$ cat run-v2.txt   # compact mmCIF, C-alpha atoms
# COMPACT_ATOMS: atom_id res chain seq x y z
CA MET A 1 126.62 94.48 117.73
CA ASN A 2 125.36 90.88 117.56
CA ASN A 3 121.90 92.18 118.45
CA VAL A 4 121.99 94.56 115.48
CA ILE A 5 123.02 91.77 113.11
CA GLU A 6 120.33 89.52 114.55
CA TYR A 7 117.78 92.32 114.09
CA LEU A 8 118.90 92.93 110.50
CA ASN A 9 118.61 89.23 109.72
CA SER A 10 115.26 88.85 111.43
CA LYS A 11 113.22 91.19 109.22
CA ASP A 12 112.73 91.95 105.55
CA ASN A 13 111.17 95.37 105.89
CA PHE A 14 112.77 98.18 107.87
CA ILE A 15 110.94 101.47 108.45
CA HIS A 16 112.36 104.44 110.37
CA ASP A 17 115.27 102.41 111.76
CA ASN A 18 118.45 104.16 112.77
CA PHE A 19 121.70 102.24 112.21
CA SER A 20 123.89 105.36 112.38
CA GLY A 21 127.39 105.10 113.79
CA LEU A 22 127.64 101.34 113.39
CA ASP A 23 130.50 99.31 111.98
CA LEU A 24 128.97 96.53 109.87
CA LYS A 25 130.93 93.86 107.99
CA GLN A 26 130.07 90.91 105.76
CA ILE A 27 126.30 90.90 106.11
CA ASN A 28 123.84 89.67 103.54
CA LEU A 29 120.91 92.12 103.36
CA SER A 30 119.89 91.24 99.82
CA GLY A 31 116.23 91.59 98.92
CA LYS A 32 115.33 93.69 101.95
CA PHE A 33 113.23 96.87 102.01
CA PHE A 34 114.43 99.98 103.77
CA THR A 35 112.23 103.07 104.19
CA PHE A 36 113.48 106.20 105.92
CA CYS A 37 116.40 104.36 107.51
CA GLN A 38 119.55 106.09 108.68
CA PHE A 39 123.05 104.73 108.15
CA ASN A 40 124.82 108.05 108.77
CA ASN A 41 128.43 107.95 109.99
CA THR A 42 128.57 104.20 109.45
CA PHE A 43 131.37 101.96 108.24
CA LEU A 44 129.98 99.37 105.86
CA ASP A 45 132.34 96.72 104.56
CA ASN A 46 131.34 93.90 102.25
CA ILE A 47 127.58 94.29 102.64
CA ASP A 48 125.30 92.60 100.14
CA PHE A 49 122.47 95.02 99.32
CA GLN A 50 121.55 93.30 96.02
CA ASN A 51 117.89 93.48 94.96
CA CYS A 52 117.04 95.84 97.79
CA ARG A 53 114.50 98.64 97.78
CA MET A 54 115.52 101.79 99.57
CA ASN A 55 113.47 104.94 99.80
CA MET A 56 114.65 108.00 101.71
CA CYS A 57 117.65 106.24 103.24
CA PHE A 58 120.59 108.20 104.58
CA PHE A 59 124.22 107.10 104.25
CA ASN A 60 125.69 110.54 104.91
CA ASN A 61 129.32 110.89 106.02
CA SER A 62 129.86 107.13 105.84
CA GLU A 63 132.54 104.84 104.52
CA ILE A 64 131.16 102.14 102.25
CA LYS A 65 133.55 99.63 100.76
CA GLU A 66 133.30 96.49 98.66
CA SER A 67 129.51 96.46 98.95
CA ILE A 68 127.08 95.42 96.25
CA PHE A 69 123.85 97.27 95.51
CA ASP A 70 123.23 95.62 92.10
CA ASP A 71 119.65 95.33 90.78
CA SER A 72 118.30 97.56 93.56
CA ILE A 73 115.79 100.38 93.50
CA ILE A 74 117.23 103.24 95.53
CA THR A 75 115.29 106.51 95.45
CA ASP A 76 115.43 109.86 97.25
CA SER A 77 118.42 108.68 99.27
CA VAL A 78 121.59 110.33 100.48
CA PHE A 79 125.16 109.08 99.98
CA SER A 80 126.74 112.53 100.30
CA ASP A 81 130.04 113.43 101.96
CA SER A 82 130.96 109.74 102.03
CA LYS A 83 133.79 107.58 100.81
CA ILE A 84 132.48 104.86 98.52
CA THR A 85 135.15 102.41 97.41
CA LYS A 86 134.91 99.34 95.16
CA CYS A 87 131.11 99.29 95.29
CA SER A 88 128.76 98.18 92.57
CA PHE A 89 125.48 99.91 91.73
CA ALA A 90 124.95 98.05 88.43
CA ASN A 91 121.51 97.73 86.85
CA CYS A 92 119.91 99.88 89.55
CA GLU A 93 117.16 102.44 89.56
CA LEU A 94 118.87 105.32 91.31
CA HIS A 95 116.39 108.17 90.94
CA ASN A 96 116.94 111.44 92.77
CA ASN A 97 119.85 110.39 94.99
CA ASN A 98 122.42 112.68 96.54
CA PHE A 99 126.11 111.79 96.07
CA ASN A 100 127.36 115.38 96.56
CA ILE A 101 130.97 115.90 97.73
CA SER A 102 131.55 112.17 98.04
CA GLU A 103 134.65 110.27 97.04
CA ILE A 104 133.63 107.57 94.61
CA LEU A 105 136.53 105.26 93.88
CA PHE A 106 136.60 102.14 91.69
CA CYS A 107 132.79 101.97 91.53
CA ASN A 108 130.49 100.49 88.92
CA PHE A 109 127.21 102.19 87.95
CA ASN A 110 126.78 100.36 84.61
CA ASP A 111 123.26 100.00 83.16
CA SER A 112 121.71 102.14 85.89
CA ASP A 113 119.12 104.86 85.71
CA LEU A 114 120.40 107.83 87.70
CA TYR A 115 117.65 110.29 86.73
CA LEU A 116 117.85 113.51 88.80
CA SER A 117 120.73 112.34 90.99
CA ARG A 118 123.44 114.77 92.03
CA PHE A 119 127.22 114.40 92.16
CA ILE A 120 128.02 118.08 92.79
CA GLY A 121 131.63 118.51 93.91
CA ALA A 122 132.17 114.75 94.01
CA PHE A 123 135.57 113.20 93.39
CA ILE A 124 135.05 110.30 91.04
CA ASP A 125 138.04 108.12 90.27
CA ASN A 126 138.36 104.96 88.18
CA SER A 127 134.62 104.43 87.98
CA ILE A 128 132.25 103.47 85.19
CA PHE A 129 128.85 104.84 84.19
CA ASN A 130 128.42 102.88 80.94
CA ASP A 131 125.00 102.62 79.30
CA CYS A 132 123.35 104.69 82.03
CA ASN A 133 120.45 107.09 81.95
CA LEU A 134 122.02 110.35 83.07
CA LYS A 135 119.08 112.61 82.29
CA ARG A 136 119.13 115.64 84.62
CA VAL A 137 122.06 114.18 86.58
CA ASP A 138 124.16 117.01 88.01
CA PHE A 139 127.95 116.52 87.84
CA SER A 140 128.83 120.19 88.28
CA ASP A 141 132.15 120.92 89.98
CA TYR A 142 132.97 117.23 90.08
CA ILE A 143 136.52 116.04 89.64
CA ASN A 144 136.97 113.01 87.48
CA ASN A 145 139.87 110.77 86.90
CA HIS A 146 139.47 107.79 84.55
CA VAL A 147 135.67 107.88 84.46
CA SER A 148 133.85 106.17 81.61
CA PHE A 149 130.45 107.34 80.32
CA LYS A 150 130.28 105.09 77.25
CA LEU A 151 126.79 104.74 75.72
CA SER A 152 125.32 107.08 78.35
CA ASN A 153 123.38 110.23 77.57
CA ILE A 154 125.78 112.73 79.12
CA GLU A 155 124.35 115.42 76.81
CA GLU A 156 121.26 115.37 79.03
CA SER A 157 123.21 115.81 82.27
CA TYR A 158 124.61 119.00 83.76
CA PHE A 159 128.26 119.88 84.06
CA THR A 160 127.71 123.60 84.65
CA ARG A 161 126.86 124.85 88.10
CA GLY A 162 123.25 125.81 88.74
CA LYS A 163 121.79 124.36 85.52
CA SER A 164 119.77 121.70 87.33
CA HIS A 165 118.10 124.50 89.28
CA GLU A 166 116.75 126.24 86.18
CA ASN A 167 113.20 125.06 86.73
CA SER A 168 112.87 126.61 90.15
CA MET B 1 105.10 109.83 111.65
CA LYS B 2 105.21 109.00 107.95
CA ILE B 3 106.90 111.19 105.35
CA LEU B 4 105.97 110.56 101.75
CA LYS B 5 107.35 112.27 98.68
CA HIS B 6 105.56 112.93 95.43
CA TYR B 7 107.45 113.90 92.31
CA SER B 8 105.81 116.21 89.82
CA MET B 9 106.90 116.47 86.19
CA PHE B 10 105.50 120.00 86.25
CA GLY B 11 108.50 122.05 87.30
CA ILE B 12 110.37 118.86 88.33
CA ALA B 13 109.11 119.65 91.82
CA ASN B 14 108.74 117.71 95.06
CA SER B 15 105.63 117.60 97.22
CA TYR B 16 105.62 116.02 100.68
CA ILE B 17 102.89 114.46 102.78
CA ILE B 18 103.39 114.11 106.53
CA GLY B 19 100.96 112.27 108.71
CA PRO B 20 100.53 109.68 111.46
CA ASP B 21 101.76 106.11 110.84
CA LYS B 22 98.25 104.70 110.96
CA GLY B 23 96.62 107.39 108.82
CA GLY B 24 94.41 110.33 109.71
CA ASP B 25 94.79 114.07 109.33
CA ALA B 26 97.88 114.93 107.33
CA ILE B 27 99.91 117.89 106.12
CA LEU B 28 100.62 118.39 102.42
CA ILE B 29 103.59 120.57 101.56
CA ASP B 30 103.75 122.25 98.13
CA PRO B 31 101.06 120.43 96.14
CA ALA B 32 102.62 120.75 92.70
CA ILE B 33 100.28 118.56 90.73
CA MET B 34 97.34 116.31 91.54
CA ASP B 35 97.73 113.09 89.61
CA ILE B 36 96.89 109.47 90.28
CA ASN B 37 100.19 108.93 92.11
CA MET B 38 99.46 111.76 94.52
CA LEU B 39 95.92 110.51 95.11
CA ASN B 40 97.20 106.97 95.72
CA LEU B 41 99.83 108.23 98.18
CA ILE B 42 97.13 109.99 100.16
CA GLU B 43 94.42 107.36 99.99
CA ASP B 44 96.59 104.23 100.34
CA ASN B 45 97.96 105.62 103.58
CA ASN B 46 94.49 106.54 104.86
CA PHE B 47 95.38 110.21 105.03
CA TYR B 48 92.97 113.12 104.95
CA ILE B 49 94.66 116.34 103.87
CA LYS B 50 93.74 118.78 106.59
CA ASN B 51 96.53 121.32 106.22
CA ILE B 52 98.46 122.58 103.20
CA LEU B 53 101.76 124.36 103.70
CA LEU B 54 103.25 126.39 100.86
CA THR B 55 106.96 127.20 100.90
CA HIS B 56 106.43 129.96 98.33
CA SER B 57 103.92 130.96 95.72
CA HIS B 58 105.59 129.87 92.49
CA ASN B 59 102.88 128.06 90.60
CA HIS B 60 104.73 124.75 90.14
CA HIS B 61 104.60 124.44 93.94
CA PHE B 62 100.86 125.00 94.38
CA ASP B 63 99.18 124.23 91.09
CA ALA B 64 97.26 121.27 92.56
CA LEU B 65 95.41 123.46 95.08
CA ARG B 66 92.28 123.81 92.97
CA THR B 67 91.81 120.02 92.73
CA ILE B 68 92.94 119.27 96.28
CA LYS B 69 90.51 121.82 97.71
CA LYS B 70 87.64 120.13 95.86
CA ILE B 71 88.46 116.81 97.52
CA TYR B 72 89.61 117.83 100.98
CA GLU B 73 88.52 120.59 103.33
CA ALA B 74 92.02 121.82 103.95
CA GLN B 75 93.38 125.03 105.45
CA ILE B 76 96.16 126.68 103.43
CA PHE B 77 99.15 128.22 105.20
CA SER B 78 101.66 130.49 103.46
CA PHE B 79 103.40 133.83 103.83
CA TYR B 80 100.61 135.70 102.05
CA SER B 81 96.92 135.84 102.98
CA HIS B 82 95.89 134.87 99.44
CA VAL B 83 97.35 132.26 97.10
CA GLY B 84 95.83 132.20 93.65
CA GLU B 85 92.06 132.27 94.20
CA PHE B 86 92.29 130.90 97.76
CA ASP B 87 92.48 132.48 101.19
CA SER B 88 95.49 131.47 103.21
CA TYR B 89 96.48 131.81 106.85
CA SER B 90 99.41 134.22 106.73
CA LEU B 91 102.45 132.91 108.59
CA VAL B 92 105.25 135.01 110.10
CA ASP B 93 108.87 134.26 110.91
CA GLY B 94 109.28 132.34 114.14
CA GLU B 95 105.63 131.29 114.35
CA LYS B 96 104.94 127.86 115.85
CA ILE B 97 101.76 126.03 114.94
CA LEU B 98 100.33 122.68 115.97
CA MET B 99 98.57 121.09 112.99
CA SER B 100 97.43 117.51 112.44
CA GLY B 101 99.09 116.73 115.78
CA ILE B 102 102.47 117.88 114.47
CA ASN B 103 104.45 120.91 115.66
CA VAL B 104 105.56 123.12 112.79
CA GLU B 105 107.99 126.02 113.17
CA VAL B 106 108.17 128.71 110.49
CA LEU B 107 111.34 130.41 109.22
CA HIS B 108 111.06 133.25 106.70
CA ILE B 109 114.09 133.24 104.40
CA PRO B 110 113.39 135.52 101.41
CA GLY B 111 115.61 135.90 98.35
CA HIS B 112 114.49 133.22 95.93
CA SER B 113 111.06 134.80 96.38
CA ALA B 114 109.83 137.42 98.83
CA ASP B 115 107.55 134.89 100.50
CA SER B 116 109.95 131.92 100.88
CA LEU B 117 109.28 129.96 104.05
CA VAL B 118 111.08 126.99 105.57
CA TYR B 119 109.06 124.60 107.73
CA LYS B 120 110.84 122.89 110.61
CA ILE B 121 109.18 119.74 111.92
CA GLY B 122 111.42 118.18 114.57
CA ASN B 123 114.72 117.62 112.78
CA LEU B 124 113.10 117.75 109.34
CA LEU B 125 113.44 120.90 107.26
CA PHE B 126 111.16 121.50 104.31
CA VAL B 127 113.10 124.24 102.59
CA GLY B 128 111.28 124.82 99.31
CA ASP B 129 113.68 126.59 96.96
CA VAL B 130 115.81 128.27 99.63
CA ILE B 131 118.46 125.57 99.14
CA SER B 132 118.50 122.38 97.11
CA SER B 133 121.14 119.72 97.80
CA GLY B 134 124.32 121.64 97.10
CA LEU B 135 122.70 124.61 95.41
CA ILE B 136 121.16 127.76 96.75
CA GLY B 137 117.88 129.06 95.37
CA ARG B 138 117.89 130.88 92.08
CA THR B 139 117.67 134.65 92.38
CA ASP B 140 117.17 137.39 89.81
CA SER B 141 119.58 139.96 91.19
CA LYS B 142 122.70 140.35 93.30
CA PHE B 143 120.60 142.08 95.95
CA GLU B 144 118.24 139.09 96.27
CA GLU B 145 121.20 136.72 96.27
CA GLU B 146 122.73 138.58 99.20
CA ILE B 147 119.45 138.57 101.12
CA LEU B 148 119.11 134.84 100.49
CA THR B 149 122.67 133.89 101.48
CA ASP B 150 122.43 136.05 104.62
CA GLY B 151 119.12 134.38 105.55
CA ILE B 152 120.54 130.91 104.95
CA GLU B 153 123.57 131.65 107.10
CA GLU B 154 121.61 133.22 109.94
CA LYS B 155 118.53 131.03 110.14
CA LEU B 156 119.23 127.72 108.44
CA LEU B 157 122.90 126.89 108.89
CA THR B 158 122.67 127.60 112.61
CA LEU B 159 120.32 124.64 113.08
CA ASN B 160 121.34 121.14 114.16
CA ASP B 161 123.87 119.44 111.83
CA ASP B 162 121.81 116.24 111.77
CA SER B 163 118.70 117.94 110.40
CA ILE B 164 117.30 116.31 107.28
CA VAL B 165 116.69 118.70 104.42
CA PHE B 166 113.81 118.14 101.99
CA PRO B 167 114.00 120.60 99.10
CA GLY B 168 111.39 121.66 96.56
CA HIS B 169 113.59 120.27 93.79
CA GLY B 170 116.16 117.49 93.82
CA PRO B 171 117.19 114.87 96.36
CA PRO B 172 117.13 115.22 100.14
CA SER B 173 120.24 116.09 102.10
CA ILE B 174 121.71 116.43 105.58
CA LEU B 175 122.26 119.94 106.92
CA LYS B 176 125.89 119.20 107.84
CA THR B 177 126.66 118.54 104.18
CA GLU B 178 124.74 121.64 103.11
CA LYS B 179 126.85 123.70 105.51
CA LYS B 180 130.04 122.29 103.97
CA MET B 181 128.78 122.93 100.45
CA PHE B 182 127.59 126.43 101.31
CA ASN B 183 131.06 127.27 102.58
CA LEU B 184 132.64 125.75 99.47
CA TYR B 185 130.35 127.21 96.87
CA ALA B 186 128.28 130.08 98.30
CA PRO B 187 128.28 132.71 95.58
CA LEU B 188 130.19 135.93 96.14
CA LYS B 189 130.03 136.00 99.92
$ encode --input "run-v2.txt" --output "structure tokens"
Amino acid sequence: MNNVIEYLNSKDNFIHDNFSGLDLKQINLSGKFFTFCQFNNTFLDNIDFQNCRMNMCFFNNSEIKESIFDDSIITDSVFSDSKITKCSFANCELHNNNFNISEILFCNFNDSDLYLSRFIGAFIDNSIFNDCNLKRVDFSDYINNHVSFKLSNIEESYFTRGKSHENS
Amino acid sequence: MKILKHYSMFGIANSYIIGPDKGGDAILIDPAIMDINMLNLIEDNNFYIKNILLTHSHNHHFDALRTIKKIYEAQIFSFYSHVGEFDSYSLVDGEKILMSGINVEVLHIPGHSADSLVYKIGNLLFVGDVISSGLIGRTDSKFEEEILTDGIEEKLLTLNDDSIVFPGHGPPSILKTEKKMFNLYAPLK
């Protein structure tokens, strides 16, 4: 494990790296670039991902808690079938990401641009999406409990199954 | 191997470029539109588009062919032997082809369209509109829907759980999640 932490600290740009199955705690990865990296089946606790750039990164079937992704650009990435608790994705560009069937609890997405992202069948509880761009965001079949969409364009997102697929 | 994605406003569609890390002959999947971003993706990575794979012949997945073919001498591969005004090498279910140094396996899964193909490259699946991150492809009749869901179950969901799914529209996914979602939401099975 120390080798992995050393490796993560040693570089700023990660391409095609596979961190799947790891248990990572209290690491500062702010400002780093990740391209086509896999974090599937990982446990991430208290990780600082602020100001990161992630493209095609995979956090499938993972547990992510108390981690900060603020001010990051995260595109074409996968957070599906995961449990995301007390995480912050504030002021992020989150284009075309997959949060399907994830549990999203006590999370903050304020001021983020979630264009084309999907939350199909997600369970979203006590989370905030205030002042977000939700154009073409798919929330169909999601379950929400105390979710705030204040100042966000929810009229441009989809809450009916299959609507986001109309163009195909 | 590098995998690059291009997003097209025309049809809100995804195109993919796959090629060697250091550049060279590359594969372009579903060239939706040829704009400056697509050209930069190709040229900045020192790629030469040698092969074009089409998942199906809906025009927002191949509209860039005319421009691409003027720039690159590329061979087109699809289910049919003609696409628009171009000749194409006609692929069949189960066919395996080596192109640009990359092994590509072909799965024919009709339903969304009669010619829908999925391309399997290692553990990467380029599925076109067969599935799309929690959704199955749009169909025009119950009959087509049944053909599609049967094809997905038989040919796609039997593949490795860890396979990475790149759809023609929407974000990528992992096949394990698609299997779960198919079982949760598959229409009228």
$ residues_around --input "run-v2.txt" --residues "range 53-62 of chain A" --least-positions-apart "5" --cutoff "8 Å" --atoms "all atoms listed in the file" --output "list in words"
Gly31, Lys32, Phe33, Phe34, Thr35, Phe36, Cys37, Gln38, Phe39, Asn40, Asn41, Thr42, Phe43, Leu44, Ser72, Ile73, Ile74, Thr75, Asp76, Ser77, Val78, Phe79, Ser80, Asp81, Ser82 and Lys83 of chain A; Pro172 and Ile174 of chain B
$ residues_around --input "run-v2.txt" --residues "range 39-41 of chain B" --least-positions-apart "2" --cutoff "10 Å" --atoms "all atoms listed in the file" --output "PyMOL selection string"
chain B and resi 4-6+17+34-37+43-47+68
$ atom_distance --input "run-v2.txt" --atom1 "CA of Gly24 in chain B" --atom2 "CA of Asn51 in chain B"
11.7 Å
$ interface_residues --input "run-v2.txt" --of "chain B" --to "chain A" --cutoff "8 Å" --atoms "only C-alpha atoms" --output "CSV table (one decimal) with C-alpha atoms, keeping the file's coordinate frame"
chain,number,residue,atom,x,y,z
B,11,GLY,CA,108.5,122.0,87.3
B,12,ILE,CA,110.4,118.9,88.3
B,129,ASP,CA,113.7,126.6,97.0
B,133,SER,CA,121.1,119.7,97.8
B,134,GLY,CA,124.3,121.6,97.1
B,135,LEU,CA,122.7,124.6,95.4
B,137,GLY,CA,117.9,129.1,95.4
B,138,ARG,CA,117.9,130.9,92.1
B,169,HIS,CA,113.6,120.3,93.8
B,170,GLY,CA,116.2,117.5,93.8
B,171,PRO,CA,117.2,114.9,96.4
B,172,PRO,CA,117.1,115.2,100.1
B,173,SER,CA,120.2,116.1,102.1
B,174,ILE,CA,121.7,116.4,105.6
B,177,THR,CA,126.7,118.5,104.2
B,181,MET,CA,128.8,122.9,100.4
$ atom_distance --input "run-v2.txt" --atom1 "CA of Glu178 in chain B" --atom2 "CA of Pro31 in chain B"
24.7 Å
$ axis_aligned_box --input "run-v2.txt" --around "range 59-71 of chain A" --padding-each-side "3 Å" --output "AutoDock Vina command-line options"
--center_x 126.6 --center_y 103.1 --center_z 98.4 --size_x 19.9 --size_y 21.6 --size_z 21.2
$ atom_distance --input "run-v2.txt" --atom1 "CA of Leu54 in chain B" --atom2 "CA of Gly101 in chain B"
18.3 Å
$ closest_residue --input "run-v2.txt" --among "B:Tyr89, B:Phe143, B:Phe182, B:Tyr48" --to "Lys22 in chain B" --atoms "all atoms listed in the file"
B:Tyr48
$ residues_around --input "run-v2.txt" --residues "Asn59 in chain B" --least-positions-apart "4" --cutoff "10 Å" --atoms "all atoms listed in the file" --output "VMD selection string"
chain B and resid 10 to 11 30 to 33 63 to 65 83 to 84
$ write_last_selection --input "run-v2.txt" --atoms "C-alpha atoms" --output "short mmCIF file (atom, residue, chain, number, x, y, z; two decimals), in the coordinates of the input"
data_model
loop_
_atom_site.label_atom_id
_atom_site.label_comp_id
_atom_site.auth_asym_id
_atom_site.auth_seq_id
_atom_site.Cartn_x
_atom_site.Cartn_y
_atom_site.Cartn_z
CA PHE B 10 105.50 120.00 86.25
CA GLY B 11 108.50 122.05 87.30
CA ASP B 30 103.75 122.25 98.13
CA PRO B 31 101.06 120.43 96.14
CA ALA B 32 102.62 120.75 92.70
CA ILE B 33 100.28 118.56 90.73
CA ASP B 63 99.18 124.23 91.09
CA ALA B 64 97.26 121.27 92.56
CA LEU B 65 95.41 123.46 95.08
CA VAL B 83 97.35 132.26 97.10
CA GLY B 84 95.83 132.20 93.65
#
$ closest_residue --input "run-v2.txt" --among "B:Gly128, B:Gly111, B:Pro167, B:Gly23" --to "Ser141 in chain B" --atoms "only C-alpha atoms"
B:Gly111
$ closest_residue --input "run-v2.txt" --among "B:Met9, B:Ile42, B:Val104, B:Ile97" --to "His60 in chain B" --atoms "all atoms listed in the file"
B:Met9
$ residues_around --input "run-v2.txt" --residues "Ile3 in chain B" --least-positions-apart "6" --cutoff "7 Å" --atoms "only C-alpha atoms" --output "list of chain:residue names"
B:Tyr16, B:Ile17, B:Ile18, B:Gly19
$ residues_around --input "run-v2.txt" --residues "Lys25 in chain A" --least-positions-apart "6" --cutoff "10 Å" --atoms "only C-alpha atoms" --output "list in words"
Ile5, Phe43, Leu44, Asp45, Asn46, Ile47, Asp48, Lys65, Glu66 and Ser67 of chain A
$ closest_residue --input "run-v2.txt" --among "A:Asn144, A:Asn133, A:Asn18, A:Ser30" --to "Glu156 in chain A" --atoms "only C-alpha atoms"
A:Asn133
$ decode --input "run-v2.txt" --residues "range 23-35 of chain A" --atoms "N, CA, C and O atoms" --output "PDB file, in the first residue's frame"
ATOM      1  N   ASP A  23      -7.765   0.340  -0.958  1.00  0.00           N
ATOM      2  CA  ASP A  23      -8.396   1.004   0.179  1.00  0.00           C
ATOM      3  C   ASP A  23      -7.521   2.227   0.480  1.00  0.00           C
ATOM      4  O   ASP A  23      -6.432   2.088   1.022  1.00  0.00           O
ATOM      5  N   LEU A  24      -7.963   3.399   0.024  1.00  0.00           N
ATOM      6  CA  LEU A  24      -7.112   4.588   0.151  1.00  0.00           C
ATOM      7  C   LEU A  24      -7.727   5.587   1.129  1.00  0.00           C
ATOM      8  O   LEU A  24      -8.921   5.889   1.051  1.00  0.00           O
ATOM      9  N   LYS A  25      -6.906   6.109   2.032  1.00  0.00           N
ATOM     10  CA  LYS A  25      -7.411   7.059   3.031  1.00  0.00           C
ATOM     11  C   LYS A  25      -6.493   8.270   3.134  1.00  0.00           C
ATOM     12  O   LYS A  25      -5.271   8.135   3.076  1.00  0.00           O
ATOM     13  N   GLN A  26      -7.123   9.418   3.334  1.00  0.00           N
ATOM     14  CA  GLN A  26      -6.404  10.664   3.636  1.00  0.00           C
ATOM     15  C   GLN A  26      -5.193  10.911   2.727  1.00  0.00           C
ATOM     16  O   GLN A  26      -4.053  10.990   3.197  1.00  0.00           O
ATOM     17  N   ILE A  27      -5.493  11.033   1.439  1.00  0.00           N
ATOM     18  CA  ILE A  27      -4.402  11.328   0.491  1.00  0.00           C
ATOM     19  C   ILE A  27      -4.735  12.622  -0.244  1.00  0.00           C
ATOM     20  O   ILE A  27      -5.900  12.843  -0.616  1.00  0.00           O
ATOM     21  N   ASN A  28      -3.750  13.441  -0.434  1.00  0.00           N
ATOM     22  CA  ASN A  28      -3.957  14.671  -1.182  1.00  0.00           C
ATOM     23  C   ASN A  28      -3.540  14.465  -2.633  1.00  0.00           C
ATOM     24  O   ASN A  28      -2.358  14.358  -2.942  1.00  0.00           O
ATOM     25  N   LEU A  29      -4.535  14.392  -3.528  1.00  0.00           N
ATOM     26  CA  LEU A  29      -4.267  14.207  -4.957  1.00  0.00           C
ATOM     27  C   LEU A  29      -4.696  15.446  -5.733  1.00  0.00           C
ATOM     28  O   LEU A  29      -4.934  15.383  -6.942  1.00  0.00           O
ATOM     29  N   SER A  30      -4.785  16.571  -5.049  1.00  0.00           N
ATOM     30  CA  SER A  30      -5.310  17.776  -5.705  1.00  0.00           C
ATOM     31  C   SER A  30      -4.411  18.216  -6.862  1.00  0.00           C
ATOM     32  O   SER A  30      -3.179  18.089  -6.803  1.00  0.00           O
ATOM     33  N   GLY A  31      -5.047  18.686  -7.917  1.00  0.00           N
ATOM     34  CA  GLY A  31      -4.335  19.222  -9.066  1.00  0.00           C
ATOM     35  C   GLY A  31      -3.785  18.178 -10.019  1.00  0.00           C
ATOM     36  O   GLY A  31      -3.124  18.517 -10.999  1.00  0.00           O
ATOM     37  N   LYS A  32      -4.057  16.914  -9.779  1.00  0.00           N
ATOM     38  CA  LYS A  32      -3.475  15.872 -10.638  1.00  0.00           C
ATOM     39  C   LYS A  32      -4.390  15.560 -11.824  1.00  0.00           C
ATOM     40  O   LYS A  32      -5.586  15.828 -11.791  1.00  0.00           O
ATOM     41  N   PHE A  33      -3.800  14.980 -12.862  1.00  0.00           N
ATOM     42  CA  PHE A  33      -4.521  14.616 -14.083  1.00  0.00           C
ATOM     43  C   PHE A  33      -4.648  13.095 -14.145  1.00  0.00           C
ATOM     44  O   PHE A  33      -3.657  12.394 -13.965  1.00  0.00           O
ATOM     45  N   PHE A  34      -5.850  12.641 -14.407  1.00  0.00           N
ATOM     46  CA  PHE A  34      -6.075  11.200 -14.537  1.00  0.00           C
ATOM     47  C   PHE A  34      -6.776  10.929 -15.865  1.00  0.00           C
ATOM     48  O   PHE A  34      -7.841  11.477 -16.132  1.00  0.00           O
ATOM     49  N   THR A  35      -6.172  10.094 -16.707  1.00  0.00           N
ATOM     50  CA  THR A  35      -6.795   9.728 -17.984  1.00  0.00           C
ATOM     51  C   THR A  35      -6.909   8.213 -18.053  1.00  0.00           C
ATOM     52  O   THR A  35      -5.930   7.502 -17.867  1.00  0.00           O
TER      53      THR A  35
END
